[in-house]
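A.B. asks: Starting off with a structure, shown below.
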Amino acid sequence: MFIEEAERLKELPQYLFAEIDKIINEKKSKGEDVISLGIGDPDIPTPSEIIEELCKEAKNPVNHRYPSSYGLMLFKEAVSDYYDSRFNVKLDPSSEVITLWGSKEGIANVAYAFINPGDVALFPDPGYLVYKIGTLFAAGTGYTMPLLEKNDFLVDLKSIVKEVAKKAKIMHLNYPNNPTSADGSIDFFNKVVDFAEKNNILVCHDNAYSEIYFDENKKPVSFLNAENSKEVGIEFNSLSKTFNMTGWRIGYAVGNKKVIESLGKYKTNVDSGIFNAIQLAGASALKNHSRYIHQNILIYKSRRELIYNTLDKIGIKYYKSNSTIYIWVKVPGGYNSKSFAELLLNKANVVVTPGNAFGVYGEGYIRISITLPDARLEEALERIKKVL
Ligand SMILES: Cc1ncc(COP(=O)(O)O)c(C=O)c1O
């Protein structure tokens, strides 16, 4: 029997790095020690108090029944309190917050809630691929917004063609940014709100890295800090990177009531919410956010410095930023993203992500992730030093 897969799967962009994956697998099968700086998945464990809260709540039979697709009120109240204390943004937990299976789920599903076949969605390039793929799955048309170093990797709103802006229904944004590590600003978000109001566009801002920053005086802001932002958009956020909970699958969206309502309407038909015990543990994490965030930042800060210092010593350029678990590195002359990543893999047994894995404007860069214990990171850097 052969059942043809759906066109939407066949139309997925080609996986560019099959060759690199092949080399990694060959090396591993020969028992070689390959160090991966390619993955954006925190190696630091979830704080033990959060795990204990999960264990306690998992034993309560009240939590064994179907949860609500819109989320548990206690979790949504914790999100609302966190947004108030961290960003000074007021949210009504019952109508302006929805729980998600991680922000990735919400980013993909917002397309199903709003995109009709042929509708246009704008997304950053380089960028997290789900903005584009969610749009394609919903039979929408993607329009690339290049992120360029000369603009500090902010979207250049003026360069968006007028007819495209008029047609566009959604604009995806992400600051602090994966993969470039660039920050947004209130000034930039105010301009985005203006642009969205003029062109009747729903802004979907992804703030998954809001709590990984290195200068206390430059904490990342929320899109909802911009004036009238709730009129035009929502923000996705996540417990994944903030509390080292990527495996738990819990995130949320906040902002415009009608958009949250529509997202919930879609979700009630495709999922049945997140295990209440996970939401309750998530609520306890959010309540104590400052303590946990501080611990993470201390660890990431020293790792980042270590990499910056090594790159400076070997004369490799990179984008100096204030946030995220990534370093956006320029490939040296004579290489492109792929050939440089292959060099590091072949000669140093170190995996990095080629920049063009995130879109055509990522060409000329590689992304290094700092989610590795110090000793492994030092070993990886020693190996890289020997090759260059
Ligand atoms: C920019 C960005 N947004 C969203 C996500 C997804 O996070 P979550 O675990 O909340 O689904 C990631 C994961 O790497 C990411 O890099």
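Order determines the names: the first chain of the structure tokens is A, the second B, and so forth; residues in each chain are numbered 1 upward, and ligands are numbered 1 upward as they are shown.
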Return as a VMD selection string every polymer residue, whether protein, DNA or RNA, with at least one atom no more than 6 Å from an atom of ligand 1; count only C-alpha atoms and all ligand atoms.

C.D. replies: chain A and resid 40 102 to 104 128 178 206 208 238 240 246 251

A.B. asks: Pick out each residue of region 197-259 of chain A that DSSP on the backbone tags as alpha helix (DSSP H); I need them as a ChimeraX atom specification.

C.D. replies: /A:197-199,229-232,257-259

A.B. asks: What's the 10 Å shell around Tyr83 (chain A), counting only C-alpha atoms, without same-chain residues fewer than 6 positions away, as a list of chain:residue names?

C.D. replies: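 After dropping sequence-adjacent residues, the list is A:Glu77, A:Val89, A:Lys90, A:Leu91, A:Ser222, A:Leu224, A:Val254, A:Leu286.
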
A.B. asks: Could those residues be written to a file, using N, CA, C and O atoms, as a CSV table (one decimal), in the first residue's frame?

C.D. replies:
```csv
chain,number,residue,atom,x,y,z
A,77,GLU,N,-3.4,33.7,35.8
A,77,GLU,CA,-3.2,34.8,36.8
A,77,GLU,C,-1.7,34.9,37.0
A,77,GLU,O,-1.2,36.1,37.2
A,89,VAL,N,3.0,45.6,32.4
A,89,VAL,CA,1.9,45.4,31.4
A,89,VAL,C,0.7,44.8,32.2
A,89,VAL,O,0.9,43.8,32.8
A,90,LYS,N,-0.5,45.4,32.1
A,90,LYS,CA,-1.6,44.9,32.8
A,90,LYS,C,-2.4,44.0,31.8
A,90,LYS,O,-2.7,44.4,30.7
A,91,LEU,N,-2.8,42.8,32.3
A,91,LEU,CA,-3.5,41.8,31.5
A,91,LEU,C,-4.7,41.3,32.2
A,91,LEU,O,-4.5,41.0,33.4
A,222,SER,N,8.7,44.2,26.4
A,222,SER,CA,7.7,43.4,25.7
A,222,SER,C,7.1,44.2,24.6
A,222,SER,O,7.1,45.5,24.7
A,224,LEU,N,4.2,44.5,24.2
A,224,LEU,CA,3.0,45.1,24.8
A,224,LEU,C,3.3,46.4,25.5
A,224,LEU,O,2.4,47.1,26.0
A,254,VAL,N,-0.3,36.4,25.0
A,254,VAL,CA,-1.0,37.4,25.7
A,254,VAL,C,-1.3,38.6,24.8
A,254,VAL,O,-0.6,38.8,23.8
A,286,LEU,N,6.7,31.1,37.6
A,286,LEU,CA,6.4,32.5,37.2
A,286,LEU,C,6.4,33.3,38.5
A,286,LEU,O,6.9,34.5,38.5
```

A.B. asks: For a test of reading the model, state the distance in Å between CA of Tyr66 (chain A) and CA of Phe137 (chain A), rounded to one decimal.

C.D. replies: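 Between these atoms lies a distance of 27.8 Å.
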
A.B. asks: Would you list the contacts of Lys301 (chain A) as a list in words, taking every protein, DNA or RNA residue within 7 Å and counting only C-alpha atoms, but skipping same-chain residues closer than 4 positions in sequence?

C.D. replies: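 In the requested form, the answer reads Phe214, Ile297 and Glu305 of chain A.
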
A.B. asks: Write out, as an mmCIF file, in the first residue's frame, the residues just selected, with N, CA and C atoms.

C.D. replies:
```cif
data_model
loop_
_atom_site.group_PDB
_atom_site.id
_atom_site.type_symbol
_atom_site.label_atom_id
_atom_site.label_comp_id
_atom_site.auth_asym_id
_atom_site.auth_seq_id
_atom_site.Cartn_x
_atom_site.Cartn_y
_atom_site.Cartn_z
ATOM 1 N N PHE A 214 22.075 40.211 29.622
ATOM 2 C CA PHE A 214 23.329 40.272 30.369
ATOM 3 C C PHE A 214 23.597 41.629 31.016
ATOM 4 N N ILE A 297 21.154 33.582 34.278
ATOM 5 C CA ILE A 297 21.949 34.637 33.648
ATOM 6 C C ILE A 297 23.417 34.536 34.067
ATOM 7 N N GLU A 305 31.073 35.247 27.783
ATOM 8 C CA GLU A 305 32.357 35.960 27.838
ATOM 9 C C GLU A 305 33.481 35.075 27.321
#
```

A.B. asks: Excluding same-chain residues fewer than 2 positions from Ser48 (chain A), what lies within 12 Å of it counting only C-alpha atoms, as a VMD selection string?

C.D. replies: chain A and resid 44 to 46 50 to 55 243 to 245 281 284 to 285 292

A.B. asks: Grab the residues selected above and save them as an mmCIF file, in the first residue's frame with C-alpha atoms.

C.D. replies:
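The new file again-v6.cif reads:
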```cif
data_model
loop_
_atom_site.group_PDB
_atom_site.id
_atom_site.type_symbol
_atom_site.label_atom_id
_atom_site.label_comp_id
_atom_site.auth_asym_id
_atom_site.auth_seq_id
_atom_site.Cartn_x
_atom_site.Cartn_y
_atom_site.Cartn_z
ATOM 1 C CA ILE A 44 20.779 23.551 32.918
ATOM 2 C CA PRO A 45 18.133 21.475 34.713
ATOM 3 C CA THR A 46 14.721 22.828 35.688
ATOM 4 C CA ILE A 50 9.436 23.532 40.210
ATOM 5 C CA ILE A 51 9.886 19.783 39.783
ATOM 6 C CA GLU A 52 8.680 19.228 43.363
ATOM 7 C CA GLU A 53 5.564 21.305 42.638
ATOM 8 C CA LEU A 54 4.852 19.117 39.602
ATOM 9 C CA CYS A 55 5.266 15.914 41.646
ATOM 10 C CA PHE A 243 13.082 28.274 33.483
ATOM 11 C CA ASN A 244 14.915 25.549 31.515
ATOM 12 C CA MET A 245 11.663 23.743 30.833
ATOM 13 C CA ALA A 281 4.225 24.011 38.471
ATOM 14 C CA SER A 284 4.973 28.567 40.772
ATOM 15 C CA ALA A 285 7.949 29.177 38.425
ATOM 16 C CA TYR A 292 15.424 31.568 38.768
#
```

A.B. asks: Restricting the calculation to only C-alpha atoms, which member of A:Ala111, A:Asn151, A:His172, A:His294 is positioned closest to Glu216 (chain A)?

C.D. replies: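 Of all the options, A:His294 lies closest to Glu216 (chain A).
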
A.B. asks: Work out how far CA of Met145 (chain A) is from CA of Glu11 (chain A), in Å to one decimal.

C.D. replies: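 Pair CA of Glu11 (chain A) / CA of Met145 (chain A) returns 20.9 Å.
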
A.B. asks: May I ask which of the residues A:Glu227, A:Ile39, A:Lys385, A:Asn116 is the closest one to Thr310 (chain A), counting only C-alpha atoms?

C.D. replies: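 Result for the nearest residue to Thr310 (chain A): A:Lys385.
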
A.B. asks: Under the rule that only C-alpha atoms are counted, which of A:Asp81, A:Glu96, A:Glu149, A:Glu105 is the nearest residue to Pro126 (chain A)?

C.D. replies: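 Checking each of A:Asp81, A:Glu96, A:Glu149, A:Glu105 against Pro126 (chain A), counting only C-alpha atoms, the winner is A:Glu149.
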
A.B. asks: Just give me the gap between CA of Phe340 (chain A) and CA of Ile24 (chain A) in Å, one decimal is fine.

C.D. replies: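 Separating CA of Phe340 (chain A) from CA of Ile24 (chain A) is a distance of 14.7 Å.
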
A.B. asks: Would you pick out the contacts of Ile370 (chain A) at 10 Å or less, using only C-alpha atoms, so that residues sharing its chain but fewer than 2 positions from it are not included, and give the list as JSON, numbers by chain?

C.D. replies: {"A": [36, 37, 38, 39, 40, 41, 42, 43, 299, 300, 301, 302, 303, 304, 306, 307, 324, 325, 326, 327, 367, 368, 372, 373, 374, 377]}

A.B. asks: How about saving the chosen residues, N, CA, C and O atoms kept, as a short mmCIF file (atom, residue, chain, number, x, y, z; two decimals), in the first residue's frame?

C.D. replies:
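result_39.cif was written with the following content:
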```cif
data_model
loop_
_atom_site.label_atom_id
_atom_site.label_comp_id
_atom_site.auth_asym_id
_atom_site.auth_seq_id
_atom_site.Cartn_x
_atom_site.Cartn_y
_atom_site.Cartn_z
N SER A 36 28.38 19.48 20.24
CA SER A 36 27.41 20.29 19.50
C SER A 36 27.18 21.65 20.14
O SER A 36 26.74 21.75 21.29
N LEU A 37 27.51 22.69 19.33
CA LEU A 37 27.15 24.06 19.74
C LEU A 37 25.97 24.51 18.87
O LEU A 37 25.75 25.67 18.62
N GLY A 38 25.25 23.50 18.39
CA GLY A 38 24.19 23.80 17.41
C GLY A 38 22.79 23.88 18.00
O GLY A 38 21.88 24.35 17.33
N ILE A 39 22.63 23.44 19.23
CA ILE A 39 21.25 23.28 19.71
C ILE A 39 20.86 24.34 20.73
O ILE A 39 21.58 24.58 21.70
N GLY A 40 19.70 24.93 20.52
CA GLY A 40 19.21 25.97 21.44
C GLY A 40 18.35 25.39 22.54
O GLY A 40 17.21 25.79 22.72
N ASP A 41 18.91 24.43 23.26
CA ASP A 41 18.13 23.74 24.29
C ASP A 41 18.95 23.74 25.58
O ASP A 41 19.98 23.08 25.67
N PRO A 42 18.49 24.53 26.59
CA PRO A 42 19.30 24.68 27.81
C PRO A 42 19.74 23.36 28.42
O PRO A 42 18.93 22.42 28.53
N ASP A 43 21.02 23.29 28.80
CA ASP A 43 21.55 22.09 29.46
C ASP A 43 21.32 22.17 30.97
O ASP A 43 21.47 21.18 31.67
N ILE A 299 25.14 31.95 34.84
CA ILE A 299 25.80 30.85 34.12
C ILE A 299 26.07 31.25 32.67
O ILE A 299 27.19 31.12 32.15
N TYR A 300 25.03 31.76 32.00
CA TYR A 300 25.19 32.11 30.58
C TYR A 300 26.20 33.24 30.36
O TYR A 300 26.91 33.26 29.36
N LYS A 301 26.23 34.16 31.33
CA LYS A 301 27.11 35.32 31.17
C LYS A 301 28.57 34.89 31.07
O LYS A 301 29.31 35.33 30.19
N SER A 302 28.99 33.98 31.96
CA SER A 302 30.40 33.60 31.93
C SER A 302 30.71 32.78 30.67
O SER A 302 31.77 32.91 30.08
N ARG A 303 29.74 31.98 30.23
CA ARG A 303 29.97 31.21 28.99
C ARG A 303 30.12 32.14 27.79
O ARG A 303 30.96 31.95 26.93
N ARG A 304 29.25 33.15 27.77
CA ARG A 304 29.27 34.08 26.64
C ARG A 304 30.61 34.81 26.59
O ARG A 304 31.23 34.97 25.54
N LEU A 306 33.43 33.80 27.73
CA LEU A 306 34.46 32.85 27.31
C LEU A 306 34.52 32.77 25.77
O LEU A 306 35.60 32.81 25.17
N ILE A 307 33.36 32.69 25.15
CA ILE A 307 33.33 32.58 23.68
C ILE A 307 33.75 33.90 23.04
O ILE A 307 34.57 33.91 22.11
N THR A 324 19.95 36.51 24.74
CA THR A 324 19.79 35.16 24.16
C THR A 324 20.94 34.20 24.51
O THR A 324 21.96 34.60 25.06
N ILE A 325 20.71 32.96 24.09
CA ILE A 325 21.72 31.91 24.32
C ILE A 325 22.54 31.69 23.05
O ILE A 325 23.13 30.63 22.87
N TYR A 326 22.54 32.69 22.15
CA TYR A 326 23.21 32.50 20.86
C TYR A 326 24.28 33.56 20.61
O TYR A 326 24.17 34.70 21.08
N ILE A 327 25.27 33.17 19.82
CA ILE A 327 26.24 34.14 19.31
C ILE A 327 26.23 34.00 17.79
O ILE A 327 26.33 32.90 17.24
N ARG A 367 25.64 30.17 13.71
CA ARG A 367 25.10 30.42 15.05
C ARG A 367 25.72 29.45 16.05
O ARG A 367 25.73 28.24 15.82
N ILE A 368 26.26 30.04 17.12
CA ILE A 368 26.81 29.23 18.21
C ILE A 368 25.85 29.33 19.39
O ILE A 368 25.42 30.42 19.75
N LEU A 372 25.90 24.58 26.82
CA LEU A 372 26.80 23.45 27.07
C LEU A 372 27.59 23.72 28.36
O LEU A 372 27.98 24.86 28.59
N PRO A 373 27.85 22.70 29.18
CA PRO A 373 28.62 22.95 30.40
C PRO A 373 29.99 23.55 30.07
O PRO A 373 30.55 23.27 28.99
N ASP A 374 30.54 24.33 31.01
CA ASP A 374 31.79 25.06 30.77
C ASP A 374 32.91 24.19 30.20
O ASP A 374 33.59 24.58 29.25
N LEU A 377 32.40 23.39 26.62
CA LEU A 377 32.54 24.62 25.83
C LEU A 377 34.02 24.96 25.65
O LEU A 377 34.48 25.27 24.55
#
```

A.B. asks: Using only C-alpha atoms, find the one residue out of A:Thr99, A:Asn177, A:Thr268, A:Gln295 that sits nearest to Trp328 (chain A).

C.D. replies: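 Between A:Thr99, A:Asn177, A:Thr268, A:Gln295, the residue approaching Trp328 (chain A) most closely is A:Asn177.
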